[in-house]
$ cat upload18.pdb   # PDB, C-alpha atoms, pLDDT in the B column
ATOM      1  CA  MET A   1     -10.614 -11.908  25.019  1.00 43.00           C
ATOM      2  CA  GLU A   2     -10.725 -11.675  28.782  1.00 45.00           C
ATOM      3  CA  ILE A   3     -10.575  -7.883  28.776  1.00 46.00           C
ATOM      4  CA  ALA A   4     -13.565  -7.835  26.475  1.00 45.00           C
ATOM      5  CA  GLN A   5     -15.823  -9.323  29.105  1.00 44.00           C
ATOM      6  CA  ASN A   6     -15.256  -6.348  31.396  1.00 51.00           C
ATOM      7  CA  TYR A   7     -16.844  -4.043  28.884  1.00 60.00           C
ATOM      8  CA  MET A   8     -19.216  -6.044  26.764  1.00 68.00           C
ATOM      9  CA  GLY A   9     -22.277  -8.191  27.270  1.00 71.00           C
ATOM     10  CA  PRO A  10     -22.151 -11.942  26.475  1.00 74.00           C
ATOM     11  CA  GLY A  11     -23.694 -11.382  22.997  1.00 75.00           C
ATOM     12  CA  ALA A  12     -20.973  -8.990  21.941  1.00 78.00           C
ATOM     13  CA  THR A  13     -18.277 -11.160  23.515  1.00 80.00           C
ATOM     14  CA  ASN A  14     -19.507 -14.194  21.556  1.00 84.00           C
ATOM     15  CA  THR A  15     -19.450 -12.207  18.325  1.00 84.00           C
ATOM     16  CA  MET A  16     -15.934 -10.955  19.017  1.00 86.00           C
ATOM     17  CA  THR A  17     -14.749 -14.471  19.834  1.00 88.00           C
ATOM     18  CA  ARG A  18     -16.325 -15.774  16.625  1.00 90.00           C
ATOM     19  CA  ILE A  19     -14.577 -13.060  14.534  1.00 91.00           C
ATOM     20  CA  ASN A  20     -11.226 -13.732  16.194  1.00 90.00           C
ATOM     21  CA  GLU A  21     -11.557 -17.477  15.600  1.00 91.00           C
ATOM     22  CA  ASN A  22     -11.509 -16.869  11.853  1.00 91.00           C
ATOM     23  CA  GLY A  23      -8.103 -17.955  10.564  1.00 90.00           C
ATOM     24  CA  ASN A  24      -7.612 -14.811   8.479  1.00 93.00           C
ATOM     25  CA  VAL A  25      -8.194 -12.444  11.375  1.00 95.00           C
ATOM     26  CA  VAL A  26      -5.027 -11.034  12.939  1.00 95.00           C
ATOM     27  CA  GLY A  27      -6.887  -9.115  15.608  1.00 94.00           C
ATOM     28  CA  THR A  28      -9.813  -6.898  16.504  1.00 95.00           C
ATOM     29  CA  ILE A  29     -10.106  -3.497  18.159  1.00 94.00           C
ATOM     30  CA  ILE A  30     -13.155  -1.821  19.653  1.00 92.00           C
ATOM     31  CA  VAL A  31     -12.651   1.946  19.700  1.00 92.00           C
ATOM     32  CA  ASN A  32     -14.852   4.071  21.939  1.00 89.00           C
ATOM     33  CA  CYS A  33     -16.414   7.384  20.914  1.00 86.00           C
ATOM     34  CA  GLU A  34     -13.409   9.276  22.276  1.00 87.00           C
ATOM     35  CA  GLY A  35     -11.106   7.396  19.900  1.00 86.00           C
ATOM     36  CA  PHE A  36      -9.389   5.166  22.439  1.00 88.00           C
ATOM     37  CA  PRO A  37      -9.099   1.410  21.954  1.00 91.00           C
ATOM     38  CA  GLU A  38     -11.371  -0.119  24.577  1.00 88.00           C
ATOM     39  CA  THR A  39     -10.864  -3.797  23.813  1.00 89.00           C
ATOM     40  CA  THR A  40      -8.299  -5.414  21.592  1.00 91.00           C
ATOM     41  CA  THR A  41      -6.576  -8.676  20.834  1.00 93.00           C
ATOM     42  CA  LEU A  42      -3.592  -6.811  19.345  1.00 93.00           C
ATOM     43  CA  ASP A  43      -0.647  -5.207  21.144  1.00 93.00           C
ATOM     44  CA  SER A  44      -1.425  -1.727  22.428  1.00 91.00           C
ATOM     45  CA  LEU A  45       0.817   0.165  19.983  1.00 93.00           C
ATOM     46  CA  THR A  46      -0.708  -1.492  16.903  1.00 93.00           C
ATOM     47  CA  ALA A  47      -4.171  -1.024  18.379  1.00 94.00           C
ATOM     48  CA  ALA A  48      -3.575   2.684  19.038  1.00 94.00           C
ATOM     49  CA  THR A  49      -2.132   3.279  15.545  1.00 94.00           C
ATOM     50  CA  TYR A  50      -4.955   1.510  13.744  1.00 94.00           C
ATOM     51  CA  SER A  51      -7.586   3.095  16.014  1.00 94.00           C
ATOM     52  CA  THR A  52      -6.472   6.612  15.132  1.00 94.00           C
ATOM     53  CA  HIS A  53      -6.056   6.075  11.406  1.00 94.00           C
ATOM     54  CA  MET A  54      -9.066   3.867  10.735  1.00 94.00           C
ATOM     55  CA  ARG A  55     -11.363   6.056  12.805  1.00 93.00           C
ATOM     56  CA  ASN A  56     -10.218   9.190  10.950  1.00 94.00           C
ATOM     57  CA  LEU A  57     -10.641   7.376   7.661  1.00 95.00           C
ATOM     58  CA  SER A  58     -14.155   6.277   8.559  1.00 94.00           C
ATOM     59  CA  HIS A  59     -15.071   9.877   9.528  1.00 94.00           C
ATOM     60  CA  PHE A  60     -13.634  11.144   6.259  1.00 95.00           C
ATOM     61  CA  ALA A  61     -15.584   8.508   4.293  1.00 95.00           C
ATOM     62  CA  SER A  62     -18.743   9.240   6.243  1.00 95.00           C
ATOM     63  CA  ASN A  63     -18.496  12.961   5.476  1.00 95.00           C
ATOM     64  CA  ALA A  64     -17.797  12.310   1.789  1.00 94.00           C
ATOM     65  CA  LEU A  65     -20.842  10.056   1.658  1.00 94.00           C
ATOM     66  CA  LYS A  66     -23.030  12.712   3.295  1.00 95.00           C
ATOM     67  CA  GLU A  67     -21.907  15.173   0.638  1.00 93.00           C
ATOM     68  CA  ILE A  68     -22.885  12.733  -2.115  1.00 93.00           C
ATOM     69  CA  ASP A  69     -26.239  11.841  -0.521  1.00 93.00           C
ATOM     70  CA  VAL A  70     -27.240  13.334   2.821  1.00 95.00           C
ATOM     71  CA  THR A  71     -29.625  10.452   3.589  1.00 96.00           C
ATOM     72  CA  ASP A  72     -26.977   7.789   3.081  1.00 95.00           C
ATOM     73  CA  GLU A  73     -24.942   6.233   5.891  1.00 95.00           C
ATOM     74  CA  LEU A  74     -21.589   4.447   6.039  1.00 96.00           C
ATOM     75  CA  MET A  75     -21.848   0.780   6.965  1.00 96.00           C
ATOM     76  CA  VAL A  76     -18.432  -0.755   6.310  1.00 97.00           C
ATOM     77  CA  LEU A  77     -15.110   0.501   5.039  1.00 97.00           C
ATOM     78  CA  ARG A  78     -12.596  -2.062   3.810  1.00 97.00           C
ATOM     79  CA  MET A  79      -9.022  -1.098   3.061  1.00 97.00           C
ATOM     80  CA  VAL A  80      -6.976  -3.700   1.216  1.00 97.00           C
ATOM     81  CA  SER A  81      -3.232  -3.115   1.042  1.00 96.00           C
ATOM     82  CA  LYS A  82      -0.316  -5.207  -0.215  1.00 95.00           C
ATOM     83  CA  LYS A  83       0.298  -6.592   3.267  1.00 94.00           C
ATOM     84  CA  THR A  84      -2.960  -6.475   5.191  1.00 95.00           C
ATOM     85  CA  GLU A  85      -6.671  -5.954   5.006  1.00 96.00           C
ATOM     86  CA  ALA A  86      -8.420  -3.695   7.533  1.00 96.00           C
ATOM     87  CA  VAL A  87     -12.161  -3.362   7.992  1.00 96.00           C
ATOM     88  CA  VAL A  88     -13.864  -0.675  10.044  1.00 96.00           C
ATOM     89  CA  VAL A  89     -17.516  -0.807  11.052  1.00 95.00           C
ATOM     90  CA  PRO A  90     -18.595   2.562  12.427  1.00 94.00           C
ATOM     91  CA  ASP A  91     -21.296   2.970  15.031  1.00 89.00           C
ATOM     92  CA  LYS A  92     -22.498   5.875  17.159  1.00 86.00           C
ATOM     93  CA  GLU A  93     -20.812   4.654  20.335  1.00 87.00           C
ATOM     94  CA  PHE A  94     -18.129   2.301  19.068  1.00 89.00           C
ATOM     95  CA  HIS A  95     -16.054   1.556  16.003  1.00 92.00           C
ATOM     96  CA  LEU A  96     -15.153  -2.054  15.343  1.00 94.00           C
ATOM     97  CA  ILE A  97     -11.862  -2.561  13.532  1.00 95.00           C
ATOM     98  CA  VAL A  98     -10.854  -5.961  12.195  1.00 96.00           C
ATOM     99  CA  LEU A  99      -7.321  -6.527  10.959  1.00 96.00           C
ATOM    100  CA  MET A 100      -6.855  -9.418   8.570  1.00 95.00           C
ATOM    101  CA  ARG A 101      -4.193 -11.255   6.645  1.00 91.00           C
ATOM    102  CA  ARG A 102      -4.329 -10.766   2.881  1.00 85.00           C
ATOM    103  CA  ARG A 103      -6.213 -13.606   1.227  1.00 72.00           C
TER     104      ARG A 103
ATOM    105  CA  MET B   1     -18.300   2.265 -23.621  1.00 43.00           C
ATOM    106  CA  GLU B   2     -17.613   4.015 -26.917  1.00 45.00           C
ATOM    107  CA  ILE B   3     -15.833   6.906 -25.227  1.00 46.00           C
ATOM    108  CA  ALA B   4     -13.548   4.433 -23.523  1.00 45.00           C
ATOM    109  CA  GLN B   5     -12.048   3.288 -26.782  1.00 45.00           C
ATOM    110  CA  ASN B   6     -10.739   6.785 -27.466  1.00 51.00           C
ATOM    111  CA  TYR B   7      -8.546   6.595 -24.413  1.00 60.00           C
ATOM    112  CA  MET B   8      -7.865   2.976 -23.651  1.00 68.00           C
ATOM    113  CA  GLY B   9      -6.337   0.026 -25.422  1.00 71.00           C
ATOM    114  CA  PRO B  10      -8.477  -3.013 -26.301  1.00 74.00           C
ATOM    115  CA  GLY B  11      -7.332  -4.890 -23.169  1.00 75.00           C
ATOM    116  CA  ALA B  12      -8.548  -2.149 -20.844  1.00 78.00           C
ATOM    117  CA  THR B  13     -11.755  -1.709 -22.831  1.00 80.00           C
ATOM    118  CA  ASN B  14     -12.530  -5.430 -22.546  1.00 84.00           C
ATOM    119  CA  THR B  15     -11.955  -5.299 -18.796  1.00 84.00           C
ATOM    120  CA  MET B  16     -14.212  -2.260 -18.428  1.00 86.00           C
ATOM    121  CA  THR B  17     -16.932  -3.923 -20.514  1.00 88.00           C
ATOM    122  CA  ARG B  18     -16.679  -7.074 -18.386  1.00 90.00           C
ATOM    123  CA  ILE B  19     -17.013  -5.057 -15.150  1.00 91.00           C
ATOM    124  CA  ASN B  20     -19.992  -3.111 -16.499  1.00 90.00           C
ATOM    125  CA  GLU B  21     -21.734  -6.317 -17.609  1.00 91.00           C
ATOM    126  CA  ASN B  22     -21.927  -7.443 -13.971  1.00 91.00           C
ATOM    127  CA  GLY B  23     -25.531  -7.028 -12.863  1.00 90.00           C
ATOM    128  CA  ASN B  24     -24.568  -5.353  -9.584  1.00 93.00           C
ATOM    129  CA  VAL B  25     -22.473  -2.664 -11.231  1.00 95.00           C
ATOM    130  CA  VAL B  26     -24.236   0.697 -11.624  1.00 95.00           C
ATOM    131  CA  GLY B  27     -21.328   2.298 -13.439  1.00 94.00           C
ATOM    132  CA  THR B  28     -17.592   2.813 -13.679  1.00 94.00           C
ATOM    133  CA  ILE B  29     -15.368   5.880 -13.744  1.00 94.00           C
ATOM    134  CA  ILE B  30     -11.742   6.190 -14.768  1.00 92.00           C
ATOM    135  CA  VAL B  31     -10.218   9.254 -13.132  1.00 92.00           C
ATOM    136  CA  ASN B  32      -6.969  10.664 -14.527  1.00 89.00           C
ATOM    137  CA  CYS B  33      -4.050  11.885 -12.410  1.00 86.00           C
ATOM    138  CA  GLU B  34      -5.444  15.406 -12.436  1.00 87.00           C
ATOM    139  CA  GLY B  35      -8.663  14.200 -10.797  1.00 86.00           C
ATOM    140  CA  PHE B  36     -10.952  14.506 -13.793  1.00 88.00           C
ATOM    141  CA  PRO B  37     -13.196  11.657 -14.937  1.00 91.00           C
ATOM    142  CA  GLU B  38     -11.746  10.483 -18.225  1.00 88.00           C
ATOM    143  CA  THR B  39     -14.174   7.698 -19.057  1.00 89.00           C
ATOM    144  CA  THR B  40     -17.455   6.865 -17.407  1.00 91.00           C
ATOM    145  CA  THR B  41     -20.701   5.016 -17.915  1.00 93.00           C
ATOM    146  CA  LEU B  42     -22.448   7.304 -15.381  1.00 93.00           C
ATOM    147  CA  ASP B  43     -23.882  10.772 -15.949  1.00 93.00           C
ATOM    148  CA  SER B  44     -21.265  13.509 -15.728  1.00 91.00           C
ATOM    149  CA  LEU B  45     -22.498  15.023 -12.432  1.00 93.00           C
ATOM    150  CA  THR B  46     -22.451  11.678 -10.579  1.00 93.00           C
ATOM    151  CA  ALA B  47     -19.075  10.876 -12.141  1.00 94.00           C
ATOM    152  CA  ALA B  48     -17.589  14.219 -11.072  1.00 93.00           C
ATOM    153  CA  THR B  49     -18.947  13.919  -7.517  1.00 94.00           C
ATOM    154  CA  TYR B  50     -17.697  10.377  -6.997  1.00 94.00           C
ATOM    155  CA  SER B  51     -14.367  11.163  -8.696  1.00 94.00           C
ATOM    156  CA  THR B  52     -13.602  13.970  -6.271  1.00 94.00           C
ATOM    157  CA  HIS B  53     -14.695  12.200  -3.101  1.00 94.00           C
ATOM    158  CA  MET B  54     -13.383   8.722  -3.837  1.00 94.00           C
ATOM    159  CA  ARG B  55     -10.045  10.047  -5.050  1.00 93.00           C
ATOM    160  CA  ASN B  56      -9.623  12.167  -1.909  1.00 94.00           C
ATOM    161  CA  LEU B  57     -10.619   9.195   0.211  1.00 95.00           C
ATOM    162  CA  SER B  58      -8.101   6.946  -1.507  1.00 94.00           C
ATOM    163  CA  HIS B  59      -5.335   9.540  -0.959  1.00 94.00           C
ATOM    164  CA  PHE B  60      -6.324   9.825   2.700  1.00 95.00           C
ATOM    165  CA  ALA B  61      -6.279   6.024   3.083  1.00 95.00           C
ATOM    166  CA  SER B  62      -2.982   5.772   1.253  1.00 95.00           C
ATOM    167  CA  ASN B  63      -1.364   8.341   3.553  1.00 95.00           C
ATOM    168  CA  ALA B  64      -2.783   6.637   6.661  1.00 94.00           C
ATOM    169  CA  LEU B  65      -1.373   3.338   5.439  1.00 94.00           C
ATOM    170  CA  LYS B  66       2.063   4.871   4.844  1.00 95.00           C
ATOM    171  CA  GLU B  67       2.045   6.157   8.422  1.00 93.00           C
ATOM    172  CA  ILE B  68       1.244   2.668   9.708  1.00 93.00           C
ATOM    173  CA  ASP B  69       3.831   0.958   7.485  1.00 93.00           C
ATOM    174  CA  VAL B  70       5.893   2.964   5.020  1.00 95.00           C
ATOM    175  CA  THR B  71       6.528  -0.087   2.799  1.00 96.00           C
ATOM    176  CA  ASP B  72       2.829  -0.905   2.432  1.00 95.00           C
ATOM    177  CA  GLU B  73       0.672   0.198  -0.478  1.00 95.00           C
ATOM    178  CA  LEU B  74      -3.074   0.647  -0.946  1.00 96.00           C
ATOM    179  CA  MET B  75      -4.640  -1.797  -3.384  1.00 96.00           C
ATOM    180  CA  VAL B  76      -8.406  -1.448  -3.021  1.00 97.00           C
ATOM    181  CA  LEU B  77     -10.735   0.655  -0.914  1.00 97.00           C
ATOM    182  CA  ARG B  78     -14.347  -0.479  -0.596  1.00 97.00           C
ATOM    183  CA  MET B  79     -16.966   1.776   0.951  1.00 97.00           C
ATOM    184  CA  VAL B  80     -20.281   0.128   1.743  1.00 97.00           C
ATOM    185  CA  SER B  81     -23.164   2.419   2.610  1.00 96.00           C
ATOM    186  CA  LYS B  82     -26.879   1.840   3.217  1.00 95.00           C
ATOM    187  CA  LYS B  83     -27.663   2.612  -0.413  1.00 94.00           C
ATOM    188  CA  THR B  84     -24.599   1.830  -2.510  1.00 95.00           C
ATOM    189  CA  GLU B  85     -21.204   0.219  -2.587  1.00 96.00           C
ATOM    190  CA  ALA B  86     -18.249   2.063  -4.091  1.00 96.00           C
ATOM    191  CA  VAL B  87     -14.849   0.570  -4.838  1.00 96.00           C
ATOM    192  CA  VAL B  88     -11.761   2.558  -5.740  1.00 96.00           C
ATOM    193  CA  VAL B  89      -8.614   1.003  -7.172  1.00 95.00           C
ATOM    194  CA  PRO B  90      -5.779   3.539  -7.114  1.00 94.00           C
ATOM    195  CA  ASP B  91      -2.955   3.559  -9.609  1.00 89.00           C
ATOM    196  CA  LYS B  92      -0.172   6.009 -10.449  1.00 86.00           C
ATOM    197  CA  GLU B  93      -1.830   7.346 -13.579  1.00 86.00           C
ATOM    198  CA  PHE B  94      -5.466   6.432 -13.113  1.00 89.00           C
ATOM    199  CA  HIS B  95      -8.006   5.635 -10.424  1.00 92.00           C
ATOM    200  CA  LEU B  96     -10.717   3.142 -11.258  1.00 94.00           C
ATOM    201  CA  ILE B  97     -13.995   3.693  -9.419  1.00 95.00           C
ATOM    202  CA  VAL B  98     -16.778   1.133  -9.548  1.00 96.00           C
ATOM    203  CA  LEU B  99     -20.214   2.018  -8.221  1.00 96.00           C
ATOM    204  CA  MET B 100     -22.409  -0.918  -7.268  1.00 95.00           C
ATOM    205  CA  ARG B 101     -25.865  -1.721  -5.998  1.00 91.00           C
ATOM    206  CA  ARG B 102     -26.000  -3.029  -2.435  1.00 86.00           C
ATOM    207  CA  ARG B 103     -26.114  -6.804  -2.413  1.00 72.00           C
TER     208      ARG B 103
END
$ encode --input "upload18.pdb" --output "structure tokens"
Amino acid sequence: MEIAQNYMGPGATNTMTRINENGNVVGTIIVNCEGFPETTTLDSLTAATYSTHMRNLSHFASNALKEIDVTDELMVLRMVSKKTEAVVVPDKEFHLIVLMRRR
Amino acid sequence: MEIAQNYMGPGATNTMTRINENGNVVGTIIVNCEGFPETTTLDSLTAATYSTHMRNLSHFASNALKEIDVTDELMVLRMVSKKTEAVVVPDKEFHLIVLMRRR
């Protein structure tokens, strides 16, 4: 989490540390608005792969939601697969992606 | 749930009734492999809208997952928005969509 401190304030760093301390969490990625992983606890290849796919998925979900109800807004998207569980929290400037072990 | 019994066995009907009895559940939709809502407790417009979008989203997620790991498989996709919470459970023949109130 050392890289994190170069980019984030102490509040955000504490939150990220708290998330990563959870036993089920494999790693976290913070993706910037250009789609690049800014901070991660994963290896760079995994981070890049998940960044691209989860960000696209969150855009797709966000657009679908806007078509259902234009006043609605995506908060969290959770994708559970046979092997892992990935959560993406979209924001205007950053996307937070959390990769977890299956419970 | 009367329509359901025309299409589903008693096991599936019991499961659907149990899901719909949950206080947070607004309604359920069973979408067939052609993308049409087969059974629903929602009005037909809402069912059709959610069927299209949630099915597309689940396909998108499934493809993304296959690109990350070809042996992995999507189990559940949960989309939480400011107003609602929608869950889609994909299957070969059917997709189950559950629409919920925000907790």
$ calpha_fit_and_write --input "upload18.pdb" --fixed "chain B" --moving "chain A" --output "short mmCIF file (atom, residue, chain, number, x, y, z; two decimals) with C-alpha atoms, keeping the file's coordinate frame"
data_model
loop_
_atom_site.label_atom_id
_atom_site.label_comp_id
_atom_site.auth_asym_id
_atom_site.auth_seq_id
_atom_site.Cartn_x
_atom_site.Cartn_y
_atom_site.Cartn_z
CA MET A 1 -18.41 2.32 -23.55
CA GLU A 2 -17.72 4.04 -26.83
CA ILE A 3 -15.89 6.93 -25.19
CA ALA A 4 -13.62 4.43 -23.49
CA GLN A 5 -12.15 3.28 -26.76
CA ASN A 6 -10.80 6.76 -27.47
CA TYR A 7 -8.58 6.58 -24.44
CA MET A 8 -7.88 2.96 -23.69
CA GLY A 9 -6.33 0.00 -25.45
CA PRO A 10 -8.48 -3.06 -26.33
CA GLY A 11 -7.33 -4.93 -23.17
CA ALA A 12 -8.53 -2.19 -20.86
CA THR A 13 -11.73 -1.74 -22.85
CA ASN A 14 -12.51 -5.46 -22.55
CA THR A 15 -11.94 -5.33 -18.80
CA MET A 16 -14.18 -2.29 -18.44
CA THR A 17 -16.90 -3.94 -20.53
CA ARG A 18 -16.65 -7.09 -18.41
CA ILE A 19 -16.99 -5.06 -15.16
CA ASN A 20 -19.96 -3.12 -16.51
CA GLU A 21 -21.70 -6.32 -17.62
CA ASN A 22 -21.90 -7.45 -13.99
CA GLY A 23 -25.51 -7.04 -12.87
CA ASN A 24 -24.56 -5.34 -9.60
CA VAL A 25 -22.48 -2.65 -11.26
CA VAL A 26 -24.23 0.70 -11.66
CA GLY A 27 -21.32 2.30 -13.46
CA THR A 28 -17.58 2.81 -13.69
CA ILE A 29 -15.37 5.89 -13.75
CA ILE A 30 -11.73 6.19 -14.76
CA VAL A 31 -10.20 9.27 -13.13
CA ASN A 32 -6.95 10.66 -14.50
CA CYS A 33 -4.05 11.87 -12.37
CA GLU A 34 -5.44 15.41 -12.40
CA GLY A 35 -8.66 14.19 -10.78
CA PHE A 36 -10.95 14.51 -13.79
CA PRO A 37 -13.20 11.67 -14.93
CA GLU A 38 -11.73 10.48 -18.21
CA THR A 39 -14.16 7.69 -19.04
CA THR A 40 -17.45 6.87 -17.42
CA THR A 41 -20.69 5.02 -17.91
CA LEU A 42 -22.44 7.31 -15.41
CA ASP A 43 -23.88 10.79 -15.96
CA SER A 44 -21.25 13.52 -15.72
CA LEU A 45 -22.48 15.04 -12.44
CA THR A 46 -22.44 11.70 -10.58
CA ALA A 47 -19.08 10.89 -12.14
CA ALA A 48 -17.59 14.23 -11.07
CA THR A 49 -18.94 13.93 -7.51
CA TYR A 50 -17.70 10.38 -7.01
CA SER A 51 -14.36 11.17 -8.70
CA THR A 52 -13.60 13.98 -6.26
CA HIS A 53 -14.70 12.20 -3.11
CA MET A 54 -13.38 8.72 -3.83
CA ARG A 55 -10.04 10.04 -5.04
CA ASN A 56 -9.63 12.16 -1.89
CA LEU A 57 -10.63 9.20 0.22
CA SER A 58 -8.11 6.95 -1.49
CA HIS A 59 -5.35 9.55 -0.94
CA PHE A 60 -6.32 9.84 2.71
CA ALA A 61 -6.29 6.04 3.10
CA SER A 62 -2.99 5.78 1.27
CA ASN A 63 -1.37 8.34 3.57
CA ALA A 64 -2.77 6.65 6.69
CA LEU A 65 -1.37 3.34 5.46
CA LYS A 66 2.06 4.88 4.85
CA GLU A 67 2.04 6.15 8.42
CA ILE A 68 1.26 2.66 9.72
CA ASP A 69 3.84 0.94 7.49
CA VAL A 70 5.88 2.96 5.01
CA THR A 71 6.51 -0.09 2.79
CA ASP A 72 2.83 -0.91 2.44
CA GLU A 73 0.66 0.19 -0.48
CA LEU A 74 -3.08 0.67 -0.96
CA MET A 75 -4.64 -1.79 -3.38
CA VAL A 76 -8.41 -1.44 -3.02
CA LEU A 77 -10.74 0.67 -0.93
CA ARG A 78 -14.35 -0.46 -0.61
CA MET A 79 -16.97 1.79 0.93
CA VAL A 80 -20.28 0.13 1.73
CA SER A 81 -23.17 2.42 2.60
CA LYS A 82 -26.88 1.85 3.20
CA LYS A 83 -27.67 2.62 -0.43
CA THR A 84 -24.61 1.84 -2.51
CA GLU A 85 -21.22 0.23 -2.59
CA ALA A 86 -18.25 2.08 -4.11
CA VAL A 87 -14.85 0.59 -4.85
CA VAL A 88 -11.76 2.57 -5.76
CA VAL A 89 -8.61 1.02 -7.17
CA PRO A 90 -5.78 3.54 -7.10
CA ASP A 91 -2.95 3.56 -9.60
CA LYS A 92 -0.16 6.00 -10.42
CA GLU A 93 -1.81 7.32 -13.57
CA PHE A 94 -5.46 6.43 -13.10
CA HIS A 95 -7.99 5.64 -10.41
CA LEU A 96 -10.71 3.15 -11.25
CA ILE A 97 -13.99 3.70 -9.43
CA VAL A 98 -16.77 1.13 -9.56
CA LEU A 99 -20.21 2.01 -8.25
CA MET A 100 -22.40 -0.91 -7.29
CA ARG A 101 -25.85 -1.72 -6.01
CA ARG A 102 -25.96 -3.03 -2.45
CA ARG A 103 -26.05 -6.82 -2.42
#
$ closest_residue --input "upload18.pdb" --among "A:Arg18, A:His95, A:His53, A:Arg101" --to "Lys82 of chain A" --atoms "all atoms listed in the file"
A:Arg101
$ atom_distance --input "upload18.pdb" --atom1 "atom CA of Thr46 of chain B" --atom2 "atom CA of Glu67 of chain A"
11.8 Å
$ residues_around --input "upload18.pdb" --residues "segment 23-37 of chain A" --least-positions-apart "2" --cutoff "6 Å" --atoms "only C-alpha atoms" --output "NGL selection string"
:A and (20 or 39-42 or 93-101)
$ atom_distance --input "upload18.pdb" --atom1 "atom CA of Leu74 of chain B" --atom2 "atom CA of Met79 of chain A"
7.4 Å
$ atom_distance --input "upload18.pdb" --atom1 "atom CA of Arg102 of chain B" --atom2 "atom CA of Thr84 of chain B"
5.1 Å
$ closest_atom_pairs --input "upload18.pdb" --of "chain A" --to "chain B" --cutoff "12 Å" --atoms "all atoms listed in the file" --output "CSV"
residue,atom,partner,partner_atom,distance
A:Leu45,CA,B:Ile68,CA,10.6
A:Thr46,CA,B:Ile68,CA,8.5
A:Ala47,CA,B:Ile68,CA,10.9
A:Ala48,CA,B:Ile68,CA,10.5
A:Thr49,CA,B:Ile68,CA,6.8
A:Tyr50,CA,B:Ile68,CA,7.5
A:Ser51,CA,B:Ile68,CA,10.9
A:Thr52,CA,B:Ala64,CA,9.2
A:His53,CA,B:Ala64,CA,5.8
A:Met54,CA,B:Ala64,CA,8.0
A:Arg55,CA,B:Ala64,CA,10.6
A:Asn56,CA,B:Ala64,CA,9.0
A:Leu57,CA,B:Ala61,CA,6.5
A:Ser58,CA,B:Met79,CA,9.3
A:His59,CA,B:Leu57,CA,10.3
A:Phe60,CA,B:Leu57,CA,7.0
A:Ala61,CA,B:Leu57,CA,6.5
A:Ser62,CA,B:Ser81,CA,8.9
A:Asn63,CA,B:His53,CA,9.4
A:Ala64,CA,B:His53,CA,5.8
A:Leu65,CA,B:Ser81,CA,8.0
A:Lys66,CA,B:Ser81,CA,10.3
A:Glu67,CA,B:His53,CA,8.7
A:Ile68,CA,B:Thr49,CA,6.8
A:Asp69,CA,B:Lys83,CA,9.3
A:Val70,CA,B:Lys83,CA,11.2
A:Thr71,CA,B:Lys83,CA,9.0
A:Asp72,CA,B:Lys82,CA,6.0
A:Glu73,CA,B:Ser81,CA,5.3
A:Leu74,CA,B:Ser81,CA,4.3
A:Met75,CA,B:Ser81,CA,4.8
A:Val76,CA,B:Val80,CA,5.0
A:Leu77,CA,B:Met79,CA,4.7
A:Arg78,CA,B:Arg78,CA,5.0
A:Met79,CA,B:Leu77,CA,4.7
A:Val80,CA,B:Val76,CA,5.0
A:Ser81,CA,B:Leu74,CA,4.3
A:Lys82,CA,B:Glu73,CA,5.5
A:Lys83,CA,B:Asp72,CA,6.3
A:Thr84,CA,B:Asp72,CA,8.5
A:Glu85,CA,B:Val76,CA,9.4
A:Ala86,CA,B:Leu77,CA,9.8
A:Val87,CA,B:Arg78,CA,9.3
A:Val88,CA,B:Met79,CA,9.9
A:Val89,CA,B:Val80,CA,9.8
A:Pro90,CA,B:Ser81,CA,10.8
A:Arg102,CA,B:Met75,CA,10.9
